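Engineer: The structure is given below, and queries will be raised subsequently.
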Amino acid sequence: MEPATIWHNPSCSKSRNAHTELNDRGVEFTVRKYRDDPPSTEELTAVLAKAGLEPWEACRTGEAEYRDLGMAQWPRHESERHRWIGAMAAHPRLIQRPIVIRGDRAVIARTPGWQTILAD
């Protein structure tokens, strides 16, 4: 099985559950505490592409940074992707968690069926 990477926040129960699932399935993986080691805009762009998501679909809307930046009023349009990605890279608390990356695929590992990324 190809190794995986988990963008992990140990204080989040969903993230801990995904971490446990990877361990229980015997998946080789690395942990990236993305809040301590934020992804660059390039990395975030690549992971969103692997997940087939727009940045606003992977953004935590309940965070103070979301409100403080006024992101609820930002257009959700292709022309604004760079703005969203830049904000998420600058404020990693905005990134939905956990994200599991394996090969050319990525998923937000809190949605039902996310484990399909672990199938060979």
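Simple scheme: letters A, B, ... for chains in structure tokens order, numbers from 1 for residues in each chain, numbers from 1 for ligands in the order shown.
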Just the helix (DSSP H, G or I) stuff from stretch 17-74 of chain A, please, per backbone DSSP, written as JSON, numbers by chain.
Structural biologist: {"A": [17, 18, 19, 20, 21, 22, 23, 24, 41, 42, 43, 44, 45, 46, 47, 48, 49, 50, 51, 55, 56, 57, 64, 65, 66, 67, 68, 69, 71, 72, 73]}
Engineer: Counting only C-alpha atoms, what is within 12 Å of A:Ala46, bar same-chain residues fewer than 3 positions away, as a ChimeraX atom specification?
Structural biologist: /A:39-43,49-55,85,101,103-106
Engineer: Mind checking which residues fall within 12 Å of A:His19, counting only C-alpha atoms, ignoring those fewer than 2 positions away in the same chain, and posting them as a PyMOL selection string?
Structural biologist: chain A and resi 4-17+21-33+97-100+109-110+115
Engineer: With C-alpha atoms kept, could you save the residues just selected as a compact mmCIF listing (two decimals), in the first residue's frame?
Structural biologist:
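Saved as result.txt:
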# COMPACT_ATOMS: atom_id res chain seq x y z
CA ALA A 4 -0.14 8.43 3.11
CA THR A 5 0.19 11.79 4.79
CA ILE A 6 -2.30 13.18 7.26
CA TRP A 7 -2.62 16.90 7.88
CA HIS A 8 -3.38 16.45 11.54
CA ASN A 9 -4.59 18.52 14.48
CA PRO A 10 -4.23 16.34 17.57
CA SER A 11 -6.76 18.45 19.52
CA CYS A 12 -9.51 17.62 16.98
CA SER A 13 -11.53 14.44 17.58
CA LYS A 14 -12.15 13.89 13.84
CA SER A 15 -8.43 14.19 13.21
CA ARG A 16 -7.62 11.77 16.03
CA ASN A 17 -10.20 9.33 14.66
CA GLU A 21 -8.10 4.53 11.48
CA LEU A 22 -4.81 4.77 9.58
CA ASN A 23 -3.01 2.98 12.43
CA ASP A 24 -5.71 0.30 12.76
CA ARG A 25 -5.52 -0.44 9.03
CA GLY A 26 -1.74 -0.71 9.14
CA VAL A 27 -1.28 2.15 6.70
CA GLU A 28 2.20 3.62 6.55
CA PHE A 29 1.81 7.37 6.96
CA THR A 30 3.48 10.56 8.02
CA VAL A 31 1.90 13.16 10.24
CA ARG A 32 2.01 16.82 9.38
CA LYS A 33 0.78 19.08 12.13
CA ARG A 97 -9.26 18.81 8.97
CA PRO A 98 -8.02 16.23 8.78
CA ILE A 99 -6.82 15.85 5.22
CA VAL A 100 -5.39 12.52 4.15
CA ALA A 109 -11.20 12.54 6.35
CA ARG A 110 -14.31 13.52 8.24
CA GLN A 115 -11.44 5.46 3.72
Engineer: Using only C-alpha atoms, which residues sit within 12 Å of A:Glu80 once same-chain residues fewer than 4 positions away are excluded, as a PyMOL selection string?
Structural biologist: chain A and resi 54-56+71+73-76+84-87
Engineer: Need to verify the contact set: A:Glu63, 9 Å, only C-alpha atoms, exclusion of same-chain residues closer than 4 positions in sequence. Can you return it as a count of residues only?
Structural biologist: 4
Engineer: Enter the distance from atom CA of A:Glu2 to atom CA of A:Leu118, in Å, rounded to one decimal.
Structural biologist: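 The value is 8.5 Å.
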Engineer: Would you mind telling me which residue in A:Ala72, A:Ala90, A:Ala18, A:Ala58 lies nearest to A:Asp36 when using only C-alpha atoms?
Structural biologist: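 Of A:Ala72, A:Ala90, A:Ala18, A:Ala58, the one nearest A:Asp36 is A:Ala90, counting only C-alpha atoms.
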Engineer: Identify which of the residues A:Thr45, A:Ser79, A:Gln96, A:Thr116 lies closest to A:Thr61, counting only C-alpha atoms when measuring atom-to-atom distances.
Structural biologist: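 Among the listed residues, A:Gln96 lies closest to A:Thr61.
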Engineer: Distance atom CA of A:Gly62-atom CA of A:Val107, one decimal place?
Structural biologist: 20.0 Å
Engineer: What does the structure give for the distance between atom CA of A:Ile95 and atom CA of A:Arg60, in Å to one decimal?
Structural biologist: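 Computed distance, atom CA of A:Ile95 to atom CA of A:Arg60, equals 5.9 Å.
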